[in-house]
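K.L.:
The file below is protein-v9.cif, mmCIF, C-alpha atoms:
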data_model
loop_
_atom_site.label_atom_id
_atom_site.label_comp_id
_atom_site.auth_asym_id
_atom_site.auth_seq_id
_atom_site.Cartn_x
_atom_site.Cartn_y
_atom_site.Cartn_z
CA MET A 1 0.00 0.00 0.00
CA THR A 2 1.46 3.33 -1.04
CA LEU A 3 0.74 6.28 1.16
CA THR A 4 -0.16 9.48 -0.65
CA ALA A 5 1.74 12.68 0.02
CA HIS A 6 -0.30 15.81 0.61
CA ASP A 7 -0.27 18.10 -2.43
CA SER A 8 0.39 21.80 -1.98
CA SER A 9 -3.28 22.76 -1.60
CA GLN A 10 -3.82 20.04 1.01
CA LEU A 11 -0.75 21.24 2.90
CA GLU A 12 -2.08 24.79 2.73
CA ALA A 13 -5.48 23.66 4.06
CA LEU A 14 -3.73 21.81 6.88
CA ARG A 15 -1.79 24.92 7.88
CA GLN A 16 -4.82 27.18 7.63
CA ASP A 17 -6.98 25.06 9.90
CA PRO A 18 -5.27 22.03 11.48
CA ALA A 19 -8.29 21.24 13.66
CA LEU A 20 -10.56 21.06 10.61
CA HIS A 21 -8.03 18.87 8.80
CA GLU A 22 -8.03 16.41 11.72
CA SER A 23 -11.80 16.56 12.01
CA THR A 24 -12.20 15.63 8.33
CA TYR A 25 -9.36 13.17 7.86
CA VAL A 26 -9.09 11.59 11.33
CA HIS A 27 -12.20 11.90 13.52
CA ALA A 28 -14.85 11.52 10.82
CA VAL A 29 -12.94 8.63 9.24
CA TYR A 30 -12.58 6.68 12.47
CA ASP A 31 -16.27 7.11 13.27
CA ASN A 32 -17.03 5.79 9.80
CA ILE A 33 -14.70 2.78 9.86
CA ALA A 34 -14.95 2.00 13.60
CA ASP A 35 -16.69 -1.37 13.29
CA HIS A 36 -14.42 -2.66 10.55
CA PHE A 37 -11.29 -1.17 12.14
CA SER A 38 -12.09 -2.83 15.43
CA GLN A 39 -12.17 -6.29 13.82
CA THR A 40 -8.55 -5.80 12.74
CA ARG A 41 -7.07 -4.43 15.96
CA TYR A 42 -6.80 -7.01 18.67
CA LYS A 43 -3.14 -7.98 19.05
CA PRO A 44 -1.23 -5.97 21.66
CA TRP A 45 2.37 -5.04 20.84
CA PRO A 46 4.99 -6.77 23.02
CA ILE A 47 6.75 -3.67 24.45
CA ILE A 48 3.41 -2.18 25.46
CA ALA A 49 2.21 -5.41 27.05
CA ALA A 50 5.53 -5.64 28.96
CA PHE A 51 5.18 -2.02 30.11
CA LEU A 52 1.65 -2.64 31.44
CA ALA A 53 2.76 -5.88 33.14
CA SER A 54 5.59 -4.02 34.91
CA LEU A 55 3.32 -1.52 36.71
CA ALA A 56 2.86 -1.76 40.47
CA PRO A 57 -0.52 -3.07 41.70
CA GLY A 58 -2.88 -0.19 42.49
CA SER A 59 -1.63 1.87 39.52
CA VAL A 60 -4.25 3.96 37.75
CA GLY A 61 -3.48 4.96 34.19
CA LEU A 62 -4.72 6.76 31.12
CA ASP A 63 -4.85 5.30 27.61
CA SER A 64 -4.96 8.50 25.58
CA GLY A 65 -6.29 7.63 22.14
CA CYS A 66 -7.48 4.19 23.22
CA GLY A 67 -9.22 3.45 19.91
CA ASN A 68 -11.19 0.23 20.22
CA GLY A 69 -9.64 -0.37 23.63
CA LYS A 70 -7.31 -3.22 22.81
CA TYR A 71 -5.00 -2.35 25.73
CA LEU A 72 -7.75 -1.84 28.33
CA PRO A 73 -8.00 -5.56 29.21
CA LEU A 74 -4.25 -5.75 30.03
CA ASP A 75 -5.01 -4.67 33.59
CA GLN A 76 -3.18 -7.45 35.45
CA GLU A 77 -6.58 -9.01 36.19
CA GLY A 78 -7.79 -5.96 38.03
CA LYS A 79 -4.61 -5.15 39.95
CA ILE A 80 -4.23 -1.97 37.89
CA MET A 81 -6.80 0.15 36.08
CA LEU A 82 -6.70 1.72 32.64
CA LEU A 83 -9.09 4.50 31.73
CA GLY A 84 -9.63 4.82 27.99
CA MET A 85 -9.97 8.16 26.25
CA ASP A 86 -10.66 8.77 22.58
CA ARG A 87 -12.28 11.35 20.35
CA SER A 88 -14.20 8.86 18.21
CA ILE A 89 -17.53 7.86 19.70
CA GLY A 90 -17.67 4.94 17.27
CA LEU A 91 -14.41 3.50 18.61
CA LEU A 92 -15.40 4.20 22.22
CA ALA A 93 -18.51 2.06 21.78
CA HIS A 94 -16.12 -0.85 21.15
CA ALA A 95 -13.64 0.16 23.86
CA GLN A 96 -16.46 0.25 26.40
CA ARG A 97 -16.72 -3.53 26.24
CA ALA A 98 -13.15 -4.47 25.29
CA GLY A 99 -12.27 -8.00 26.29
CA GLY A 100 -15.91 -8.77 27.05
CA LYS A 101 -16.06 -6.65 30.20
CA GLY A 102 -17.31 -3.18 31.03
CA ARG A 103 -14.46 -0.64 30.66
CA GLU A 104 -14.27 2.96 31.77
CA VAL A 105 -14.00 5.28 28.79
CA VAL A 106 -14.22 9.03 28.27
CA ARG A 107 -14.67 11.07 25.11
CA GLY A 108 -11.92 13.66 25.10
CA ASP A 109 -9.11 15.44 23.31
CA ALA A 110 -5.49 14.21 23.48
CA MET A 111 -4.23 17.82 23.69
CA ARG A 112 -6.31 18.65 26.76
CA VAL A 113 -6.10 17.73 30.44
CA CYS A 114 -9.58 17.05 31.79
CA TRP A 115 -8.23 15.35 34.92
CA ARG A 116 -6.96 16.51 38.26
CA PRO A 117 -3.31 17.56 37.72
CA GLU A 118 -1.00 14.53 38.07
CA ALA A 119 -4.03 12.29 38.68
CA PHE A 120 -2.52 9.19 37.05
CA ASP A 121 0.37 6.88 37.87
CA PHE A 122 1.00 6.23 34.19
CA ALA A 123 -0.22 7.08 30.71
CA ILE A 124 0.11 5.41 27.33
CA SER A 125 -0.35 7.04 23.94
CA ILE A 126 -0.23 4.41 21.23
CA ALA A 127 -0.54 5.41 17.58
CA THR A 128 -2.36 8.64 18.42
CA ILE A 129 -0.05 11.66 18.32
CA HIS A 130 0.75 11.01 14.63
CA HIS A 131 -2.85 12.04 13.86
CA LEU A 132 -2.18 15.62 15.00
CA SER A 133 -1.27 17.86 12.11
CA THR A 134 1.23 20.46 13.38
CA PRO A 135 4.39 20.25 15.55
CA GLU A 136 2.74 22.57 18.11
CA ARG A 137 -0.28 20.31 18.45
CA ARG A 138 1.87 17.17 18.75
CA GLN A 139 3.97 18.85 21.44
CA GLN A 140 0.83 19.95 23.25
CA ALA A 141 -0.37 16.32 23.34
CA ILE A 142 2.92 15.23 24.93
CA GLU A 143 2.62 18.04 27.47
CA ALA A 144 -0.92 16.86 28.28
CA LEU A 145 0.40 13.34 28.96
CA LEU A 146 3.17 14.68 31.21
CA ARG A 147 0.74 16.92 33.11
CA SER A 148 -1.65 14.00 33.62
CA VAL A 149 0.82 11.81 35.51
CA SER A 150 2.43 12.07 38.94
CA SER A 151 5.42 14.44 39.15
CA THR A 152 7.20 12.01 41.48
CA HIS A 153 6.72 8.65 39.76
CA GLY A 154 4.58 9.11 36.64
CA ARG A 155 5.46 6.84 33.71
CA VAL A 156 4.57 7.57 30.08
CA LEU A 157 4.86 5.38 26.97
CA ILE A 158 4.41 6.91 23.51
CA TYR A 159 4.30 5.12 20.12
CA VAL A 160 4.03 6.80 16.72
CA TRP A 161 4.39 5.63 13.13
CA ALA A 162 7.84 6.03 11.57
CA THR A 163 8.84 7.11 8.08
CA GLU A 164 11.17 4.11 8.31
CA GLN A 165 8.92 1.12 7.53
CA ASP A 166 10.29 -2.42 7.67
CA GLU A 167 9.71 -5.25 5.20
CA LEU A 168 6.84 -6.60 7.32
CA SER A 169 4.97 -3.34 6.84
CA LYS A 170 2.57 -3.23 3.95
CA ARG A 171 3.07 0.52 3.71
CA THR A 172 5.39 2.45 1.41
CA VAL A 173 6.21 6.04 2.26
CA PRO A 174 6.97 8.12 -0.85
CA ASP A 175 10.24 10.07 -1.14
CA ASP A 176 10.07 13.80 -0.57
CA PRO A 177 10.85 15.54 -3.89
CA GLU A 178 11.98 18.65 -2.02
CA ARG A 179 14.33 17.01 0.50
CA ALA A 180 16.89 14.62 -1.00
CA GLY A 181 17.07 11.29 0.81
CA LYS A 182 14.05 12.07 2.99
CA LYS A 183 10.51 10.75 3.01
CA VAL A 184 7.36 12.84 2.96
CA GLN A 185 5.79 13.12 6.38
CA ASP A 186 2.25 14.46 5.97
CA VAL A 187 0.38 11.68 4.23
CA PHE A 188 -2.96 10.02 3.64
CA VAL A 189 -3.24 6.36 4.54
CA PRO A 190 -6.07 4.61 2.75
CA TRP A 191 -8.49 2.41 4.67
CA GLN A 192 -10.25 -0.13 2.48
CA LYS A 193 -13.66 -0.89 3.81
CA THR A 194 -15.13 -3.92 2.11
CA ALA A 195 -18.87 -3.90 1.74
CA VAL A 196 -20.83 -6.05 4.13
CA LYS A 197 -21.82 -9.42 2.72
CA GLY A 198 -25.35 -9.88 1.56
CA LYS A 199 -25.73 -6.29 0.42
CA GLY A 200 -26.01 -7.46 -3.14
CA LYS A 201 -23.28 -7.67 -5.73
CA GLU A 202 -22.87 -4.63 -7.89
CA GLY A 203 -20.42 -5.48 -10.60
CA GLU A 204 -17.76 -8.11 -10.07
CA SER A 205 -15.59 -6.24 -7.56
CA GLY A 206 -18.32 -5.64 -5.01
CA LYS A 207 -18.41 -2.34 -3.19
CA GLN A 208 -15.09 -1.03 -1.97
CA GLU A 209 -15.10 2.14 0.04
CA VAL A 210 -11.77 3.90 0.53
CA HIS A 211 -11.30 6.31 3.40
CA GLN A 212 -8.21 8.51 3.63
CA ARG A 213 -6.78 8.99 7.10
CA TYR A 214 -4.29 11.77 7.88
CA TYR A 215 -0.96 10.73 9.43
CA HIS A 216 2.21 12.60 10.26
CA MET A 217 5.02 10.05 9.86
CA PHE A 218 7.83 10.61 12.38
CA GLU A 219 11.49 10.79 11.35
CA LYS A 220 14.37 9.53 13.44
CA GLY A 221 14.96 11.85 16.39
CA GLU A 222 11.71 13.76 15.95
CA LEU A 223 9.78 12.16 18.82
CA ARG A 224 12.74 12.68 21.13
CA GLY A 225 12.95 16.33 20.07
CA LEU A 226 9.26 16.91 20.81
CA VAL A 227 9.60 15.24 24.21
CA GLU A 228 12.51 17.52 25.07
CA GLN A 229 10.56 20.61 24.03
CA ALA A 230 7.47 19.49 25.95
CA GLY A 231 9.58 18.81 29.05
CA LYS A 232 11.28 22.18 28.77
CA SER A 233 8.02 24.07 28.42
CA LEU A 234 6.81 22.41 31.64
CA GLY A 235 10.05 23.32 33.45
CA LEU A 236 11.36 19.76 33.54
CA GLN A 237 15.03 18.88 33.21
CA VAL A 238 15.43 16.11 30.64
CA LEU A 239 17.67 13.34 32.01
CA GLU A 240 19.36 10.54 30.16
CA GLY A 241 19.81 8.23 33.15
CA ALA A 242 18.46 8.04 36.68
CA GLU A 243 20.93 10.61 38.03
CA GLY A 244 19.65 13.17 40.47
CA ALA A 245 18.50 16.56 39.32
CA ALA A 246 18.05 19.79 41.22
CA MET A 247 14.97 20.56 39.12
CA PRO A 248 11.93 18.37 38.59
CA GLY A 249 13.15 15.86 36.04
CA LEU A 250 12.00 13.89 33.07
CA GLN A 251 14.00 10.74 32.50
CA ILE A 252 14.13 9.04 29.12
CA VAL A 253 13.97 5.42 30.26
CA GLN A 254 14.13 3.84 26.82
CA GLU A 255 13.59 4.87 23.23
CA GLY A 256 13.82 3.15 19.92
CA TRP A 257 12.25 1.82 16.78
CA GLU A 258 10.12 -1.30 16.70
CA ARG A 259 8.12 -2.70 13.83
CA SER A 260 7.91 0.57 11.90
CA ASN A 261 7.16 2.72 14.96
CA TRP A 262 9.21 5.10 17.07
CA TYR A 263 8.64 4.79 20.79
CA VAL A 264 9.82 6.46 23.97
CA GLU A 265 9.27 5.61 27.64
CA LEU A 266 9.47 8.47 30.15
CA LEU A 267 9.58 8.81 33.93
CA ARG A 268 8.90 11.96 35.92
CA HIS A 269 11.18 12.63 38.91
CA ALA A 270 10.89 14.85 41.95
CA PRO A 271 13.91 17.14 42.41
CA HIS A 272 16.57 15.71 44.70
CA ARG A 273 16.77 17.51 48.05
CA MET B 1 -20.38 3.67 32.47
CA VAL B 2 -19.14 6.46 34.62
CA LYS B 3 -17.96 4.86 37.82
CA LEU B 4 -17.07 6.99 40.80
CA ILE B 5 -13.41 6.00 40.40
CA THR B 6 -13.49 7.83 37.05
CA HIS B 7 -15.50 10.73 38.42
CA ASN B 8 -12.84 11.17 41.11
CA LEU B 9 -10.28 11.92 38.36
CA LEU B 10 -12.28 14.26 36.13
CA CYS B 11 -12.02 18.07 36.22
CA CYS B 12 -13.52 20.93 34.24
CA HIS B 13 -10.98 22.25 31.71
CA ALA B 14 -12.90 25.23 30.35
CA ARG B 15 -11.23 28.62 30.10
CA GLY B 16 -10.54 30.16 33.50
CA CYS B 17 -11.17 26.94 35.46
CA ASN B 18 -8.30 25.67 37.55
CA TYR B 19 -7.81 22.98 40.16
CA PRO B 20 -9.13 22.77 42.84
CA GLU B 21 -12.10 25.06 42.12
CA ASN B 22 -13.04 22.96 39.06
CA PHE B 23 -13.38 19.76 41.11
CA PRO B 24 -15.36 17.63 41.78
CA LEU B 25 -17.86 17.79 38.94
CA VAL B 26 -21.46 17.64 40.17
CA PHE B 27 -23.85 15.01 38.85
CA ARG B 28 -27.17 16.42 37.64
CA ASP B 29 -30.19 15.11 35.79
CA VAL B 30 -29.14 11.51 36.34
CA THR B 31 -31.89 9.53 34.65
CA GLN B 32 -30.15 6.19 34.64
CA LEU B 33 -27.97 4.80 37.41
CA GLU B 34 -27.08 1.12 37.48
CA VAL B 35 -25.46 -1.05 40.08
CA ARG B 36 -23.46 -3.82 38.48
CA GLU B 37 -21.31 -6.37 40.24
CA ALA B 38 -17.57 -6.02 39.56
CA ASP B 39 -14.61 -8.26 40.43
CA TYR B 40 -13.34 -7.42 43.91
CA ASN B 41 -9.59 -6.82 44.15
CA ALA B 42 -8.41 -5.88 47.66
CA GLU B 43 -4.81 -5.24 46.62
CA PHE B 44 -5.85 -2.77 43.94
CA LEU B 45 -8.10 -0.89 46.37
CA GLN B 46 -5.56 -0.72 49.21
CA LYS B 47 -2.78 0.54 46.97
CA MET B 48 -4.76 3.04 44.92
CA MET B 49 -6.62 4.52 47.88
CA PRO B 50 -4.03 7.25 48.67
CA ARG B 51 -4.60 8.62 45.14
CA LEU B 52 -8.28 9.32 45.79
CA GLU B 53 -9.74 12.68 46.74
CA TRP B 54 -11.57 11.22 49.69
CA LYS B 55 -13.95 14.05 50.54
CA ALA B 56 -15.05 14.37 46.92
CA LEU B 57 -15.76 10.63 46.79
CA VAL B 58 -17.76 10.59 50.04
CA ASP B 59 -19.79 13.68 49.10
CA THR B 60 -20.55 12.43 45.60
CA ALA B 61 -21.62 9.01 46.87
CA LYS B 62 -23.97 10.77 49.32
CA GLN B 63 -25.50 12.83 46.52
CA LEU B 64 -26.24 9.58 44.74
CA GLY B 65 -27.82 8.12 47.88
CA ASP B 66 -24.95 5.98 49.22
CA THR B 67 -23.88 6.91 52.75
CA SER B 68 -21.77 3.85 53.51
CA LEU B 69 -18.33 5.53 53.49
CA PRO B 70 -16.82 7.20 56.59
CA GLU B 71 -16.03 10.93 56.47
CA GLU B 72 -12.36 10.30 57.18
CA LEU B 73 -10.20 7.88 55.23
CA PRO B 74 -9.55 5.01 57.66
CA GLU B 75 -6.02 4.02 58.56
CA GLY B 76 -4.42 0.86 59.91
CA GLU B 77 -6.83 -1.64 61.43
CA ALA B 78 -9.92 0.30 60.43
CA MET B 79 -9.02 -0.49 56.81
CA ASP B 80 -10.51 -3.94 57.16
CA GLU B 81 -12.29 -6.16 54.68
CA GLU B 82 -15.69 -4.74 55.60
CA PHE B 83 -14.51 -1.24 54.73
CA LEU B 84 -12.80 -2.35 51.52
CA LYS B 85 -15.99 -4.07 50.36
CA LYS B 86 -17.93 -0.83 50.86
CA LEU B 87 -15.25 1.12 49.01
CA HIS B 88 -15.30 -1.43 46.20
CA HIS B 89 -19.05 -1.02 45.85
CA VAL B 90 -18.93 2.78 45.74
CA LEU B 91 -15.91 3.05 43.42
CA MET B 92 -16.49 0.18 41.03
CA GLU B 93 -20.15 -0.90 41.06
CA ILE B 94 -22.20 2.29 40.81
CA HIS B 95 -22.50 3.36 37.16
CA ILE B 96 -24.01 6.56 35.83
CA GLU B 97 -25.37 5.72 32.38
CA GLU B 98 -27.36 8.84 31.47
CA GLY B 99 -27.14 12.32 32.94
CA ALA B 100 -24.59 15.12 33.14
CA MET B 101 -21.71 16.45 35.19
CA HIS B 102 -21.42 20.18 35.88
CA CYS B 103 -18.38 22.23 36.82
CA PRO B 104 -18.73 23.53 40.42
CA LYS B 105 -17.12 26.82 39.32
CA CYS B 106 -18.35 27.73 35.82
CA ASP B 107 -21.31 25.33 35.61
CA HIS B 108 -20.15 23.95 32.24
CA LYS B 109 -22.16 20.85 31.42
CA TYR B 110 -20.46 17.58 30.42
CA PRO B 111 -23.18 15.22 29.21
CA ILE B 112 -23.10 11.47 29.80
CA LEU B 113 -24.68 9.44 27.01
CA GLN B 114 -24.83 5.64 27.08
CA GLY B 115 -22.26 5.62 29.83
CA ILE B 116 -19.72 7.81 28.01
CA PRO B 117 -19.00 11.29 29.38
CA ASN B 118 -18.26 13.87 26.71
CA MET B 119 -15.33 15.98 27.94
CA LEU B 120 -14.80 17.78 24.60
CA LEU B 121 -15.00 21.56 24.60
CA ALA B 122 -15.65 23.88 21.68
CA GLU B 123 -12.72 26.02 20.52
CA HIS B 124 -14.15 29.19 22.16
CA GLU B 125 -14.54 27.44 25.53
CA ILE B 126 -10.87 26.49 25.74
CA GLY B 127 -8.35 28.57 27.63
CA ARG B 128 -4.62 28.20 27.29
#
What is this structure when it is put down as structure tokens?

P.N.:
Amino acid sequence: MTLTAHDSSQLEALRQDPALHESTYVHAVYDNIADHFSQTRYKPWPIIAAFLASLAPGSVGLDSGCGNGKYLPLDQEGKIMLLGMDRSIGLLAHAQRAGGKGREVVRGDAMRVCWRPEAFDFAISIATIHHLSTPERRQQAIEALLRSVSSTHGRVLIYVWATEQDELSKRTVPDDPERAGKKVQDVFVPWQKTAVKGKGKEGESGKQEVHQRYYHMFEKGELRGLVEQAGKSLGLQVLEGAEGAAMPGLQIVQEGWERSNWYVELLRHAPHR
Amino acid sequence: MVKLITHNLLCCHARGCNYPENFPLVFRDVTQLEVREADYNAEFLQKMMPRLEWKALVDTAKQLGDTSLPEELPEGEAMDEEFLKKLHHVLMEIHIEEGAMHCPKCDHKYPILQGIPNMLLAEHEIGR
């Protein structure tokens, strides 16, 4: 599947009104494809499952952009709790009963904090921030995650799609004609929705609906850069290791690339002394 | 399903509203409240309890007709199984399905439809 680069008028529209761009090419699309999408999203990724399994019993966390809620059941059989938040009401209807049990879900915006400050012990943001269409909005979403978790022990895990796709990925990111050796970053990713069976055959191919979703594909180093800026704007000192800091700190616990995604795990620290 | 554990986390985020004046949200026009049995997990309750805003939880439960929780968060021996079972019921088994939550400061209304609270704000309602 080849992703389509935005043409100049689409880029202009994005810059003029990023919220409208997301509303048209992210929120409306997910509401439309929610049922079909949900059938295809059930396998948790290993690093995320390991992260959730490593949390102390009694931890309460936020899944910001929970989609159909595939991570909500990974709650250590009730020893921790995950609260799902998404913008798409269609996806939330699935998340609400993820894993065959009632789940707590909230309709909300990944750039906003509608919780008590530092209310959560942890937060995950999996394949969500890449749907925001400007660097400022993506940074704001990271700030919202950091503000939602405890300043003394809050843990955050973020995953976004990478321009670097491996051979297992069915996606091809086109080269950027204006930047030699680079890929385009603002793209449409088609979602093929096959018509429901029994709706009658029209022609031999049946009815294929294609929905274009907006993605911002992340380059190497970009997620890290945004995290540093978000930390700085919240007055946090970004730390490489667990060394003490005089200021409230933000430790980068691990970062990397896995299966065509960039990820970063963060830990908030109280200042030493 | 809005359980009281979720309600205890939520705040108004409209322009000009800041913690703690924007908390707790006040339930109004609750037309559907359900009590549904949930799996009891003592370890979860004991360890998450310090994260609760206790007064907000007790007051909200009272508004919904449940007066089983003590005014003060129990410590030590008073945190027995009997207490934990009551806490479990209030936090995890009372569900608000239809109604609304209002900000105690600005009165902004967050509707709850089919168990899902809508915390989205319009652009003009957002402060930065």

K.L.:
What are the closest atom pairs, with distances in Å to one decimal, for all residues of segment 16-128 of chain B lying within 12 Å of segment 79-103 of chain A? Consider all atoms listed in the file, order rows by chain and residue number, and present the result as JSON lines.

P.N.:
{"residue": "B:Arg36", "atom": "CA", "partner": "A:Gly102", "partner_atom": "CA", "distance": 9.7}
{"residue": "B:Glu37", "atom": "CA", "partner": "A:Gly102", "partner_atom": "CA", "distance": 10.5}
{"residue": "B:Ala38", "atom": "CA", "partner": "A:Gly102", "partner_atom": "CA", "distance": 9.0}
{"residue": "B:Asp39", "atom": "CA", "partner": "A:Lys101", "partner_atom": "CA", "distance": 10.5}
{"residue": "B:Tyr40", "atom": "CA", "partner": "A:Lys79", "partner_atom": "CA", "distance": 9.9}
{"residue": "B:Asn41", "atom": "CA", "partner": "A:Lys79", "partner_atom": "CA", "distance": 6.7}
{"residue": "B:Ala42", "atom": "CA", "partner": "A:Lys79", "partner_atom": "CA", "distance": 8.6}
{"residue": "B:Glu43", "atom": "CA", "partner": "A:Lys79", "partner_atom": "CA", "distance": 6.7}
{"residue": "B:Phe44", "atom": "CA", "partner": "A:Lys79", "partner_atom": "CA", "distance": 4.8}
{"residue": "B:Leu45", "atom": "CA", "partner": "A:Lys79", "partner_atom": "CA", "distance": 8.5}
{"residue": "B:Gln46", "atom": "CA", "partner": "A:Lys79", "partner_atom": "CA", "distance": 10.3}
{"residue": "B:Lys47", "atom": "CA", "partner": "A:Lys79", "partner_atom": "CA", "distance": 9.2}
{"residue": "B:Met48", "atom": "CA", "partner": "A:Ile80", "partner_atom": "CA", "distance": 8.6}
{"residue": "B:Met92", "atom": "CA", "partner": "A:Gly102", "partner_atom": "CA", "distance": 10.6}
{"residue": "B:Glu93", "atom": "CA", "partner": "A:Gly102", "partner_atom": "CA", "distance": 10.7}
{"residue": "B:His95", "atom": "CA", "partner": "A:Gly102", "partner_atom": "CA", "distance": 10.4}
{"residue": "B:Leu113", "atom": "CA", "partner": "A:Ile89", "partner_atom": "CA", "distance": 10.3}
{"residue": "B:Gln114", "atom": "CA", "partner": "A:Ala93", "partner_atom": "CA", "distance": 9.0}
{"residue": "B:Gly115", "atom": "CA", "partner": "A:Gln96", "partner_atom": "CA", "distance": 8.6}
{"residue": "B:Ile116", "atom": "CA", "partner": "A:Leu92", "partner_atom": "CA", "distance": 8.1}
{"residue": "B:Pro117", "atom": "CA", "partner": "A:Met85", "partner_atom": "CA", "distance": 10.1}
{"residue": "B:Asn118", "atom": "CA", "partner": "A:Arg87", "partner_atom": "CA", "distance": 9.1}
{"residue": "B:Met119", "atom": "CA", "partner": "A:Arg87", "partner_atom": "CA", "distance": 9.4}
{"residue": "B:Leu120", "atom": "CA", "partner": "A:Arg87", "partner_atom": "CA", "distance": 8.1}
{"residue": "B:Leu121", "atom": "CA", "partner": "A:Arg87", "partner_atom": "CA", "distance": 11.4}

K.L.:
Expanded to explicit residues, what is the PyMOL selection byres ((chain A and resi 193) around 10) for this file, as number ranges by chain?

P.N.:
A: 32-33, 35-37, 190-192, 194-196, 207-211

K.L.:
Between atom CA of Asp80 of chain B and atom CA of His7 of chain B, what distance in Å does the model show, to one decimal?

P.N.:
24.3 Å

K.L.:
Would you write out, as an mmCIF file with C-alpha atoms, in the coordinates of the input, every residue that the PyMOL selection byres ((chain A and resi 129) around 8) captures in this file?

P.N.:
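Result file follows (result22.cif):
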data_model
loop_
_atom_site.group_PDB
_atom_site.id
_atom_site.type_symbol
_atom_site.label_atom_id
_atom_site.label_comp_id
_atom_site.auth_asym_id
_atom_site.auth_seq_id
_atom_site.Cartn_x
_atom_site.Cartn_y
_atom_site.Cartn_z
ATOM 1 C CA ALA A 110 -5.490 14.210 23.480
ATOM 2 C CA SER A 125 -0.350 7.040 23.940
ATOM 3 C CA ILE A 126 -0.230 4.410 21.230
ATOM 4 C CA ALA A 127 -0.540 5.410 17.580
ATOM 5 C CA THR A 128 -2.360 8.640 18.420
ATOM 6 C CA HIS A 130 0.750 11.010 14.630
ATOM 7 C CA HIS A 131 -2.850 12.040 13.860
ATOM 8 C CA LEU A 132 -2.180 15.620 15.000
ATOM 9 C CA ARG A 138 1.870 17.170 18.750
ATOM 10 C CA ALA A 141 -0.370 16.320 23.340
ATOM 11 C CA VAL A 160 4.030 6.800 16.720
#

K.L.:
Could you tell me how far atom CA of Leu74 of chain A sits from atom CA of Glu34 of chain B, in Å to one decimal place?

P.N.:
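Straight-line distance from atom CA of Glu34 of chain B to atom CA of Leu74 of chain A works out to 25.0 Å.
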
K.L.:
Could you state which residues are captured by the PyMOL selection byres ((chain A and resi 154) around 8) in this file, as a list in words?

P.N.:
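Selected by the PyMOL selection byres ((chain A and resi 154) around 8) here: Glu118, Phe120, Asp121, Phe122, Ala123, Leu146, Val149, Ser150, Ser151, Thr152, His153, Arg155, Val156, Leu267, Arg268 and His269 of chain A.
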
K.L.:
Report, in Å to a single decimal, how far apart atom CA of Ile142 of chain A and atom CA of Pro46 of chain A are.

P.N.:
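Atom CA of Pro46 of chain A sits 22.2 Å away from atom CA of Ile142 of chain A.
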
K.L.:
Go through A:Asp31, A:Glu240, A:Glu228, A:Glu77 and flag the residue nearest chain B, using only C-alpha atoms for the distances.

P.N.:
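Checking each candidate against chain B, we get A:Glu77 as the closest.
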
K.L.:
Can you pull out every residue within 8 Å of Thr4 of chain A, counting all atoms listed in the file, but drop anything in the same chain fewer than 5 positions away, and send it as a PyMOL selection string?

P.N.:
chain A and resi 173-174+187-189

K.L.:
Nearest residue to chain B out of A:Ser148, A:Thr2, A:Ser169, A:Ser38, using all atoms listed in the file?

P.N.:
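When distances to chain B are compared using all atoms listed in the file, the smallest one comes from A:Ser148.
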
K.L.:
Dump as a list of chain:residue names the residues of chain A that approach chain B to within 6 Å, counting all atoms listed in the file.

P.N.:
A:Pro57, A:Gly58, A:Lys79, A:Val106, A:Arg107, A:Gly108, A:Cys114, A:Trp115, A:Arg116

K.L.:
Which of these, B:Val26, B:Gly76, B:Gly99, B:Lys85, has the shortest distance to Asp59 of chain B once you count all atoms listed in the file?

P.N.:
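So, comparing all the options, the nearest one is B:Val26.
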